[in-house]
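Engineer: Provided below: coords.txt, containing compact mmCIF, C-alpha atoms.
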```txt
# COMPACT_ATOMS: atom_id res chain seq x y z
CA MET A 1 -36.56 30.73 -28.24
CA HIS A 2 -33.18 29.09 -28.71
CA ASP A 3 -32.10 30.35 -25.27
CA ASP A 4 -35.20 28.80 -23.71
CA LEU A 5 -34.45 25.50 -25.43
CA ALA A 6 -30.89 25.61 -24.11
CA LEU A 7 -32.15 26.12 -20.57
CA ASP A 8 -34.51 23.16 -20.94
CA ALA A 9 -31.86 20.81 -22.40
CA PRO A 10 -30.88 17.95 -20.08
CA GLN A 11 -27.52 18.41 -18.38
CA GLN A 12 -24.86 15.81 -19.12
CA PRO A 13 -23.60 14.06 -15.95
CA GLN A 14 -20.09 15.05 -14.92
CA ASN A 15 -17.39 12.46 -15.54
CA LEU A 16 -16.20 12.02 -11.97
CA THR A 17 -13.00 10.24 -13.01
CA ALA A 18 -11.90 12.82 -15.60
CA PRO A 19 -9.17 13.66 -16.57
CA TYR A 20 -8.04 10.04 -16.13
CA ASP A 21 -8.33 7.42 -18.86
CA ALA A 22 -7.22 4.43 -16.76
CA LEU A 23 -6.43 3.34 -13.21
CA LEU A 24 -3.13 1.56 -12.51
CA LEU A 25 -3.25 -0.86 -9.58
CA ALA A 26 0.43 -0.80 -8.60
CA SER A 27 1.80 -3.51 -6.33
CA PHE A 28 4.93 -5.31 -5.17
CA GLY A 29 4.56 -8.55 -7.09
CA GLY A 30 5.44 -12.10 -6.18
CA PRO A 31 6.51 -15.42 -7.72
CA ASP A 32 3.93 -17.60 -9.43
CA GLY A 33 5.79 -20.88 -8.88
CA PRO A 34 9.01 -22.47 -7.58
CA ASP A 35 11.10 -21.54 -10.63
CA ASP A 36 10.20 -17.86 -10.15
CA VAL A 37 11.32 -17.55 -6.53
CA MET A 38 15.04 -16.83 -6.87
CA PRO A 39 14.68 -14.54 -9.93
CA PHE A 40 11.98 -12.64 -8.07
CA LEU A 41 14.13 -12.25 -4.96
CA ARG A 42 17.04 -11.04 -7.11
CA ASN A 43 14.71 -8.40 -8.57
CA VAL A 44 13.64 -7.28 -5.10
CA THR A 45 17.21 -7.01 -3.81
CA ALA A 46 18.90 -5.71 -6.96
CA GLY A 47 21.81 -3.39 -6.14
CA LYS A 48 21.90 -4.33 -2.45
CA GLY A 49 24.72 -6.86 -2.68
CA ILE A 50 22.79 -9.65 -0.95
CA PRO A 51 24.34 -13.06 -1.78
CA ASP A 52 22.27 -15.90 -3.18
CA GLU A 53 22.97 -17.90 0.00
CA ARG A 54 20.94 -15.39 2.01
CA LEU A 55 18.24 -15.21 -0.68
CA ALA A 56 17.95 -19.00 -0.56
CA GLU A 57 17.00 -18.74 3.11
CA VAL A 58 14.21 -16.27 2.28
CA ALA A 59 13.17 -18.47 -0.66
CA GLU A 60 12.19 -21.18 1.82
CA HIS A 61 9.35 -18.93 3.00
CA TYR A 62 7.88 -19.16 -0.51
CA HIS A 63 8.65 -22.86 -0.98
CA HIS A 64 6.75 -23.45 2.26
CA PHE A 65 3.67 -22.43 0.23
CA GLY A 66 4.56 -24.26 -2.98
CA GLY A 67 6.75 -21.48 -4.38
CA ALA A 68 3.88 -19.11 -5.15
CA SER A 69 3.05 -15.89 -3.36
CA PRO A 70 -0.60 -15.27 -2.51
CA ILE A 71 -0.22 -11.59 -3.43
CA ASN A 72 -0.90 -12.12 -7.14
CA GLY A 73 -4.27 -13.76 -6.61
CA GLN A 74 -5.16 -11.07 -4.09
CA ASN A 75 -4.28 -8.31 -6.54
CA LEU A 76 -6.43 -9.95 -9.20
CA ALA A 77 -9.30 -10.09 -6.71
CA LEU A 78 -8.80 -6.41 -5.85
CA GLN A 79 -8.68 -5.48 -9.53
CA ARG A 80 -11.99 -7.29 -10.11
CA ALA A 81 -13.52 -5.63 -7.05
CA LEU A 82 -12.46 -2.18 -8.21
CA VAL A 83 -13.90 -2.79 -11.67
CA ALA A 84 -17.17 -3.96 -10.13
CA GLU A 85 -17.43 -0.89 -7.86
CA LEU A 86 -16.61 1.50 -10.71
CA ASP A 87 -19.25 -0.21 -12.86
CA ARG A 88 -21.77 -0.03 -10.01
CA ARG A 89 -21.30 3.74 -9.92
CA GLY A 90 -21.46 4.07 -13.70
CA LEU A 91 -17.81 5.18 -13.90
CA ASP A 92 -16.01 4.19 -17.11
CA LEU A 93 -12.40 3.75 -15.98
CA PRO A 94 -10.40 0.70 -17.07
CA VAL A 95 -8.21 -0.87 -14.36
CA VAL A 96 -4.79 -2.30 -15.24
CA TRP A 97 -2.46 -4.09 -12.81
CA GLY A 98 1.33 -3.84 -12.73
CA ASN A 99 4.10 -4.77 -10.28
CA ARG A 100 7.53 -3.44 -9.33
CA ASN A 101 9.19 -6.81 -9.00
CA TRP A 102 7.41 -9.46 -11.07
CA THR A 103 5.02 -9.99 -13.93
CA PRO A 104 2.89 -8.24 -14.92
CA TYR A 105 5.41 -5.40 -14.61
CA THR A 106 4.42 -1.74 -14.33
CA LYS A 107 5.68 -1.02 -17.85
CA ASP A 108 3.53 -3.80 -19.29
CA ALA A 109 0.42 -2.44 -17.56
CA LEU A 110 1.13 1.10 -18.78
CA ALA A 111 1.80 -0.19 -22.29
CA ALA A 112 -1.57 -1.95 -22.30
CA ALA A 113 -3.32 1.22 -21.09
CA HIS A 114 -1.52 3.31 -23.73
CA ALA A 115 -2.44 0.85 -26.49
CA ASP A 116 -6.09 1.19 -25.45
CA GLY A 117 -5.90 4.96 -25.83
CA ALA A 118 -5.08 6.13 -22.31
CA ARG A 119 -2.95 9.26 -22.07
CA ARG A 120 -3.43 10.23 -18.41
CA VAL A 121 -3.36 7.48 -15.82
CA LEU A 122 -3.97 7.47 -12.08
CA ALA A 123 -1.94 5.08 -9.91
CA LEU A 124 -3.28 3.37 -6.79
CA VAL A 125 -0.51 1.71 -4.78
CA THR A 126 -1.30 -1.27 -2.55
CA SER A 127 0.47 0.40 0.36
CA ALA A 128 -1.49 2.70 2.63
CA TYR A 129 1.45 4.41 4.34
CA GLY A 130 4.03 7.00 3.35
CA SER A 131 7.64 5.76 3.30
CA TYR A 132 10.36 5.00 0.78
CA SER A 133 9.20 1.43 0.19
CA GLY A 134 5.52 2.38 0.20
CA CYS A 135 5.66 5.60 -1.84
CA ARG A 136 8.87 6.88 -3.41
CA GLN A 137 10.15 3.48 -4.54
CA TYR A 138 6.93 3.09 -6.53
CA ARG A 139 7.38 6.58 -7.94
CA GLU A 140 10.88 5.66 -9.08
CA ASP A 141 9.50 2.53 -10.72
CA PHE A 142 6.83 4.63 -12.46
CA TRP A 143 9.48 6.93 -13.96
CA SER A 144 11.73 4.13 -15.17
CA SER A 145 8.70 2.30 -16.61
CA LEU A 146 7.62 5.42 -18.49
CA ASP A 147 11.19 5.81 -19.79
CA ALA A 148 11.22 2.20 -21.01
CA LEU A 149 7.80 2.54 -22.64
CA ALA A 150 8.97 5.71 -24.40
CA VAL A 151 11.93 3.79 -25.86
CA ASP A 152 9.61 1.02 -27.07
CA LEU A 153 7.41 3.61 -28.77
CA GLY A 154 10.36 5.39 -30.36
CA LEU A 155 9.77 8.70 -28.59
CA PRO A 156 12.52 11.32 -28.24
CA GLU A 157 14.68 11.08 -25.14
CA GLY A 158 13.00 12.67 -22.12
CA GLU A 159 9.49 12.47 -23.58
CA HIS A 160 6.95 10.26 -21.83
CA PRO A 161 3.90 8.75 -23.58
CA LEU A 162 1.65 9.17 -20.53
CA VAL A 163 0.96 11.59 -17.72
CA LEU A 164 0.93 9.57 -14.50
CA ASP A 165 -0.52 10.83 -11.21
CA LYS A 166 -0.78 9.00 -7.90
CA ILE A 167 -3.31 8.67 -5.10
CA ARG A 168 -1.93 9.88 -1.77
CA PRO A 169 -1.05 7.44 1.03
CA TYR A 170 -4.47 6.56 2.44
CA PHE A 171 -3.74 5.25 5.93
CA ASP A 172 -6.03 7.95 7.34
CA HIS A 173 -8.94 7.42 4.96
CA PRO A 174 -12.07 6.49 6.94
CA ALA A 175 -12.70 3.40 4.80
CA PHE A 176 -9.26 1.91 5.51
CA VAL A 177 -9.72 2.49 9.22
CA ALA A 178 -13.30 1.15 9.17
CA ALA A 179 -12.26 -2.04 7.37
CA ASN A 180 -9.58 -2.66 9.99
CA VAL A 181 -12.10 -2.00 12.78
CA ASP A 182 -14.40 -4.62 11.26
CA ALA A 183 -11.57 -7.15 11.08
CA VAL A 184 -10.49 -6.59 14.70
CA VAL A 185 -14.09 -6.72 16.00
CA GLU A 186 -14.56 -10.08 14.24
CA ALA A 187 -11.32 -11.43 15.73
CA LEU A 188 -12.20 -10.20 19.24
CA ALA A 189 -15.48 -12.09 18.99
CA GLN A 190 -13.32 -15.24 19.14
CA ALA A 191 -11.17 -13.93 22.01
CA PRO A 192 -13.18 -11.23 23.82
CA ASP A 193 -10.59 -10.32 26.46
CA ALA A 194 -7.57 -10.39 24.15
CA ARG A 195 -4.92 -7.72 23.93
CA VAL A 196 -4.61 -6.42 20.35
CA VAL A 197 -1.14 -6.68 18.84
CA PHE A 198 -1.04 -4.51 15.72
CA VAL A 199 1.66 -5.48 13.22
CA THR A 200 3.34 -3.80 10.27
CA HIS A 201 6.47 -4.33 8.18
CA SER A 202 9.58 -3.03 9.90
CA VAL A 203 11.86 -0.55 8.11
CA PRO A 204 15.38 0.73 8.91
CA ASP A 205 15.56 3.60 11.37
CA THR A 206 17.05 5.77 8.60
CA MET A 207 13.98 5.17 6.41
CA GLU A 208 11.71 5.92 9.38
CA GLU A 209 13.44 9.28 9.86
CA ALA A 210 13.21 10.15 6.15
CA SER A 211 9.51 9.24 6.02
CA GLY A 212 8.64 12.23 8.21
CA TYR A 213 9.82 14.84 5.71
CA ALA A 214 6.28 15.53 4.46
CA GLY A 215 4.44 14.97 7.74
CA ALA A 216 4.14 12.15 10.23
CA THR A 217 6.75 9.41 10.15
CA TYR A 218 6.02 5.86 9.09
CA SER A 219 5.66 4.69 12.71
CA GLU A 220 3.56 7.73 13.67
CA GLN A 221 1.15 6.94 10.84
CA HIS A 222 0.76 3.40 12.16
CA PHE A 223 0.32 4.51 15.77
CA GLU A 224 -2.46 6.81 14.59
CA VAL A 225 -4.23 4.02 12.69
CA ALA A 226 -3.85 1.70 15.68
CA ARG A 227 -5.34 4.36 17.95
CA LEU A 228 -8.24 4.98 15.56
CA VAL A 229 -8.95 1.26 15.18
CA ALA A 230 -8.92 0.71 18.94
CA GLN A 231 -11.24 3.70 19.33
CA GLY A 232 -13.53 2.29 16.64
CA VAL A 233 -13.61 -1.09 18.38
CA ALA A 234 -14.57 0.64 21.64
CA GLU A 235 -17.34 2.58 19.90
CA ARG A 236 -18.63 -0.67 18.43
CA GLY A 237 -18.44 -2.83 21.54
CA GLY A 238 -18.10 -0.55 24.52
CA ARG A 239 -14.66 -1.74 25.62
CA ALA A 240 -11.41 -0.17 24.50
CA PRO A 241 -8.89 -2.98 24.00
CA GLU A 242 -5.36 -2.66 25.30
CA TRP A 243 -3.01 -2.64 22.34
CA ASP A 244 0.55 -2.41 21.11
CA LEU A 245 2.27 -1.73 17.78
CA THR A 246 4.85 -4.28 16.67
CA TYR A 247 6.89 -5.06 13.56
CA CYS A 248 7.77 -8.03 11.39
CA SER A 249 9.86 -9.01 8.36
CA ARG A 250 13.02 -7.10 9.19
CA SER A 251 16.04 -7.91 7.01
CA GLY A 252 19.53 -6.54 6.46
CA PRO A 253 22.60 -6.88 8.69
CA PRO A 254 22.05 -7.14 12.46
CA SER A 255 24.19 -4.00 12.90
CA GLN A 256 21.57 -1.87 11.10
CA PRO A 257 18.84 -0.59 13.46
CA TRP A 258 15.27 -1.31 12.37
CA LEU A 259 11.96 -0.42 14.01
CA GLU A 260 11.13 -2.61 17.00
CA PRO A 261 9.73 -4.51 18.84
CA ASP A 262 9.57 -7.60 16.69
CA VAL A 263 6.16 -9.25 17.03
CA ASN A 264 7.63 -12.54 18.31
CA ASP A 265 9.76 -10.81 20.94
CA HIS A 266 6.75 -8.80 22.03
CA LEU A 267 4.60 -11.90 22.39
CA GLU A 268 7.24 -13.29 24.74
CA SER A 269 7.11 -10.08 26.79
CA LEU A 270 3.32 -10.18 26.98
CA ALA A 271 3.29 -13.81 28.08
CA ALA A 272 5.89 -13.03 30.75
CA ALA A 273 3.65 -10.19 31.97
CA GLY A 274 0.67 -12.52 32.39
CA VAL A 275 -1.27 -11.83 29.18
CA THR A 276 -3.13 -14.97 28.12
CA SER A 277 -4.75 -14.08 24.79
CA VAL A 278 -3.96 -11.83 21.84
CA VAL A 279 -5.45 -10.72 18.56
CA ILE A 280 -2.77 -10.18 15.92
CA ALA A 281 -3.95 -7.45 13.54
CA PRO A 282 -1.90 -6.76 10.36
CA ILE A 283 -2.83 -3.08 9.92
CA GLY A 284 0.34 -2.43 7.90
CA PHE A 285 -0.76 -4.70 5.06
CA VAL A 286 -3.57 -4.36 2.54
CA SER A 287 -3.81 -8.10 1.85
CA ASP A 288 -2.65 -11.45 3.24
CA HIS A 289 0.56 -11.75 1.24
CA MET A 290 3.80 -13.49 2.24
CA GLU A 291 4.66 -11.26 5.20
CA VAL A 292 1.26 -12.12 6.68
CA VAL A 293 0.89 -15.81 5.86
CA PHE A 294 4.48 -16.68 6.83
CA ASP A 295 5.62 -14.09 9.38
CA LEU A 296 2.28 -14.01 11.20
CA ASP A 297 0.25 -17.12 10.38
CA THR A 298 3.28 -19.41 10.52
CA GLU A 299 5.93 -17.86 12.80
CA ALA A 300 3.99 -15.57 15.16
CA LEU A 301 1.14 -18.01 15.74
CA GLU A 302 3.69 -20.75 16.41
CA THR A 303 5.42 -18.46 18.93
CA ALA A 304 2.05 -17.85 20.61
CA ARG A 305 1.36 -21.59 20.84
CA GLU A 306 4.78 -22.25 22.37
CA LEU A 307 4.11 -19.53 24.96
CA GLY A 308 0.67 -20.88 25.80
CA LEU A 309 -1.07 -17.80 24.42
CA THR A 310 -4.48 -17.99 22.81
CA ALA A 311 -3.97 -16.13 19.52
CA VAL A 312 -6.40 -15.09 16.79
CA ARG A 313 -5.19 -13.43 13.63
CA ALA A 314 -7.44 -10.64 12.34
CA ASP A 315 -7.96 -10.34 8.59
CA SER A 316 -6.26 -7.71 6.48
CA VAL A 317 -8.63 -5.33 4.67
CA GLY A 318 -8.38 -7.31 1.41
CA VAL A 319 -11.48 -6.79 -0.71
CA ARG A 320 -13.91 -5.87 2.05
CA ASP A 321 -16.73 -3.81 0.57
CA VAL A 322 -16.09 -0.76 2.75
CA PHE A 323 -12.41 -0.72 1.74
CA VAL A 324 -13.08 -1.11 -1.98
CA ARG A 325 -15.72 1.63 -1.86
CA GLY A 326 -13.19 3.83 -0.10
CA LEU A 327 -10.57 3.23 -2.78
CA VAL A 328 -13.02 4.32 -5.46
CA ASP A 329 -13.86 7.35 -3.32
CA LEU A 330 -10.11 8.14 -3.36
CA VAL A 331 -10.08 7.84 -7.16
CA VAL A 332 -12.97 10.30 -7.41
CA GLU A 333 -11.30 12.62 -4.86
CA ARG A 334 -7.98 12.61 -6.74
CA ALA A 335 -9.73 13.23 -10.05
CA ALA A 336 -11.55 16.24 -8.57
CA ALA A 337 -8.22 17.58 -7.30
CA ALA A 338 -6.67 17.16 -10.75
CA ARG A 339 -9.55 19.00 -12.43
CA ALA A 340 -9.27 21.82 -9.91
CA THR A 341 -5.50 22.11 -10.39
CA ASP A 342 -5.86 22.06 -14.17
CA ALA A 343 -8.39 24.91 -13.88
CA GLY A 344 -6.13 26.93 -11.57
CA GLN A 345 -8.45 26.44 -8.60
CA PRO A 346 -7.78 25.10 -5.10
CA ALA A 347 -8.30 21.37 -4.70
CA PRO A 348 -11.05 20.09 -2.37
CA GLU A 349 -9.95 19.15 1.15
CA PRO A 350 -9.01 15.43 1.25
CA VAL A 351 -11.31 13.22 3.30
CA HIS A 352 -9.44 11.85 6.30
CA VAL A 353 -9.82 10.92 9.96
CA GLY A 354 -7.60 11.37 12.97
CA THR A 355 -5.28 14.13 14.10
CA LEU A 356 -2.56 13.88 11.44
CA PRO A 357 -2.69 16.02 8.30
CA PRO A 358 -3.27 14.02 5.10
CA ARG A 359 -0.27 13.36 2.87
CA PRO A 360 -0.16 15.43 -0.34
CA ASP A 361 -1.31 14.17 -3.75
CA VAL A 362 1.90 15.46 -5.33
CA CYS A 363 5.05 14.61 -3.39
CA ALA A 364 7.31 17.47 -2.31
CA PRO A 365 11.05 17.47 -3.03
CA GLY A 366 12.85 15.17 -0.62
CA CYS A 367 9.69 13.27 0.29
CA CYS A 368 9.99 9.62 1.32
CA ARG A 369 13.64 9.08 0.50
CA ARG A 370 15.43 5.93 1.63
CA GLN A 371 17.61 8.13 3.82
CA ALA A 372 16.96 11.77 4.71
CA GLY A 373 18.93 14.17 2.56
CA VAL A 374 20.44 11.40 0.41
CA ASP A 375 19.58 11.29 -3.29
CA SER A 376 18.83 7.76 -4.54
CA GLY A 377 20.08 8.72 -7.99
CA ARG A 378 16.76 7.71 -9.55
CA LEU A 379 14.13 10.04 -10.99
CA ALA A 380 10.64 9.76 -9.53
CA ALA A 381 7.22 10.44 -11.06
CA CYS A 382 4.22 12.04 -9.30
CA GLY A 383 6.25 14.69 -7.52
CA VAL A 384 6.94 18.41 -7.76
CA ASP A 385 10.42 17.70 -9.13
CA PRO A 386 11.44 14.27 -10.50
CA ARG A 387 15.06 14.92 -9.54
CA ALA A 388 14.41 15.79 -5.88
```
In structure tokens, write the structure found in this file.
Structural biologist:
Amino acid sequence: MHDDLALDAPQQPQNLTAPYDALLLASFGGPDGPDDVMPFLRNVTAGKGIPDERLAEVAEHYHHFGGASPINGQNLALQRALVAELDRRGLDLPVVWGNRNWTPYTKDALAAAHADGARRVLALVTSAYGSYSGCRQYREDFWSSLDALAVDLGLPEGEHPLVLDKIRPYFDHPAFVAANVDAVVEALAQAPDARVVFVTHSVPDTMEEASGYAGATYSEQHFEVARLVAQGVAERGGRAPEWDLTYCSRSGPPSQPWLEPDVNDHLESLAAAGVTSVVIAPIGFVSDHMEVVFDLDTEALETARELGLTAVRADSVGVRDVFVRGLVDLVVERAAAARATDAGQPAPEPVHVGTLPPRPDVCAPGCCRRQAGVDSGRLAACGVDPRA
């Protein structure tokens, strides 16, 4: 009789976000006003020996917009959108937001999650691609933030108050690609015969080389997304646009090679070749932060006007519904992988599109260093070995 009752008892729904107690939205950060600009830039460039005179030049980009970066408002909007999508699915997972370079800092976000009872946290980085600046540098920040939080809590040296895992780079997730397809289709509606100029943040050639340790390099990841977006546009409208991949926001000494071509130089080449209209698509960026609103909306569009080019800037993925749903899908996917690993079982195959293998959930030794084979001297969370 008791066995029969047990069989008839309603089954409890599985917690699809277990074993995680909170989601950390991890981002770059940006100044909130004019007085924040130089301190913020010093944070970003700490240890690089860049003089204040050079930082003052970069500061003018921010002062052009009143001294505040749009990234903070965009992260708040993304945090709200994630909470709404989790609630829509009935998933109880608090979302905290923390930055590498400005308030709220990563440590503050983790401290808030810990105070609310979280002991295992999943990090979602606002960078879709695998590289030092988009992956390992965040992992180093996670480790140092956990160290600092442990000191605040009076824990023994080497003991962390939280287990922190990370969602893999998601450049090849179908939702990220689909959101970019939508944005480019909308832009092409304003300039139907335009050539698509995809843009991402440039990185030094040494970082590009190191980014390929665990799979495709940084540039190869972008070429694949560009190809998939162009293919998606063709499937939507019947015409495959001609396209190129370009870069913006390079810094450092002129003697140091960075990925090229620069978007402005490339626009000059296109105009010289007889191209008359372009769509500028920022596939390397999740939201319209400073590298988009200054480097593209201000500088690149001005270059296009001077060259007589008709130019339309496509949106970044921002908080488009398809993208936000995809991020929550990634949370659920990563949680399933964690449960499988904890149970000694193989993790489900990650959902991805394209020809490149997905990046791993747990970074291998040597993954995404600033320079291949060179130890940064900083421990990194979310990897097989924090020292490697």
Engineer: Residues at most 7 Å from region 317-323 of chain A, counting all atoms listed in the file, excluding those fewer than 2 positions away in the same chain, as number ranges by chain?
Structural biologist: A: 78, 81, 175-176, 179-180, 286-287, 315, 325-327
Engineer: Please report the interatomic distance between CA of Arg168 (chain A) and CA of Gln371 (chain A) in Å with one decimal.
Structural biologist: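 That distance, rounded to one decimal, is 20.4 Å.
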Engineer: Select, from A:Tyr20, A:Gln14, A:Ala178, A:Gly66, the residue with the minimum atom-to-atom distance to Asp32 (chain A), counting all atoms listed in the file.
Structural biologist: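 Residue with the minimum atom-to-atom distance to Asp32 (chain A): A:Gly66.
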Engineer: Please indicate the distance in Å from CA of Arg250 (chain A) to CA of Val203 (chain A), rounded to one decimal place.
Structural biologist: 6.7 Å
Engineer: With distances taken over only C-alpha atoms, which residue among A:Pro39, A:Gly73, A:Gly373, A:Gly33 lies nearest Gly212 (chain A)?
Structural biologist: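 Of A:Pro39, A:Gly73, A:Gly373, A:Gly33, the one nearest Gly212 (chain A) is A:Gly373, counting only C-alpha atoms.
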Engineer: CA of Ala347 (chain A) and CA of Ala335 (chain A) are how many Å apart?
Structural biologist: 9.8 Å
Engineer: From the list A:Ser133, A:Ser255, A:Asn75, A:Thr17, which residue is nearest His289 (chain A) when using all atoms listed in the file?
Structural biologist: A:Asn75
Engineer: What's the 12 Å shell around Leu149 (chain A), counting only C-alpha atoms, without same-chain residues fewer than 6 positions away, as a ChimeraX atom specification?
Structural biologist: /A:105-115,142-143,155-162
Engineer: Kindly indicate which residue among A:Ala118, A:Val362, A:Ala230, A:Leu153 lies nearest to Lys166 (chain A), using all atoms listed in the file for the distances.
Structural biologist: A:Val362
Engineer: When distances are computed from all atoms listed in the file, which of A:Leu267, A:Ala281, A:Leu356, A:Leu228 shows the smallest separation from Thr200 (chain A)?
Structural biologist: A:Ala281
Engineer: May I ask which of the residues A:Ala128, A:Ala381, A:Val353, A:Leu91 is the closest one to Gly284 (chain A), counting all atoms listed in the file?
Structural biologist: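 Answer, going by the shortest atom-to-atom distance: A:Ala128.
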Engineer: Could you pull the residues within 12 Å of region 297-299 of chain A, counting all atoms listed in the file, minus those fewer than 6 positions along the same chain, as number ranges by chain?
Structural biologist: A: 61-62, 64-65, 248-249, 262-265, 267, 279-282, 288-291, 305-306, 311-315
Engineer: For Lys48 (chain A), work out the shell of residues within 10 Å, counting only C-alpha atoms and skipping chain neighbours fewer than 4 positions away, then give it as a list of chain:residue names.
Structural biologist: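 These residues fall inside the cut-off: A:Arg42, A:Val44, A:Gly252.
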Engineer: Need the shell around Val328 (chain A): protein/DNA/RNA residues with any atom at most 10 Å away, counting only C-alpha atoms. Skip same-chain ones fewer than 4 positions apart. Format as a list in words?
Structural biologist: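 Within the cut-off, the hits are Thr17, Leu82, Val83, Glu85, Leu86, Arg89, Leu91, Leu124, Phe323, Val324, Val332, Glu333 and Arg334 of chain A.
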Engineer: Those residues you just picked out, can you put them in a file as a PDB file, keeping the file's coordinate frame with C-alpha atoms?
Structural biologist:
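Okay, this is what ended up in part-v1.pdb:
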```
ATOM      1  CA  THR A  17     -13.000  10.240 -13.010  1.00  0.00           C
ATOM      2  CA  LEU A  82     -12.460  -2.180  -8.210  1.00  0.00           C
ATOM      3  CA  VAL A  83     -13.900  -2.790 -11.670  1.00  0.00           C
ATOM      4  CA  GLU A  85     -17.430  -0.890  -7.860  1.00  0.00           C
ATOM      5  CA  LEU A  86     -16.610   1.500 -10.710  1.00  0.00           C
ATOM      6  CA  ARG A  89     -21.300   3.740  -9.920  1.00  0.00           C
ATOM      7  CA  LEU A  91     -17.810   5.180 -13.900  1.00  0.00           C
ATOM      8  CA  LEU A 124      -3.280   3.370  -6.790  1.00  0.00           C
ATOM      9  CA  PHE A 323     -12.410  -0.720   1.740  1.00  0.00           C
ATOM     10  CA  VAL A 324     -13.080  -1.110  -1.980  1.00  0.00           C
ATOM     11  CA  VAL A 332     -12.970  10.300  -7.410  1.00  0.00           C
ATOM     12  CA  GLU A 333     -11.300  12.620  -4.860  1.00  0.00           C
ATOM     13  CA  ARG A 334      -7.980  12.610  -6.740  1.00  0.00           C
TER      14      ARG A 334
END
```
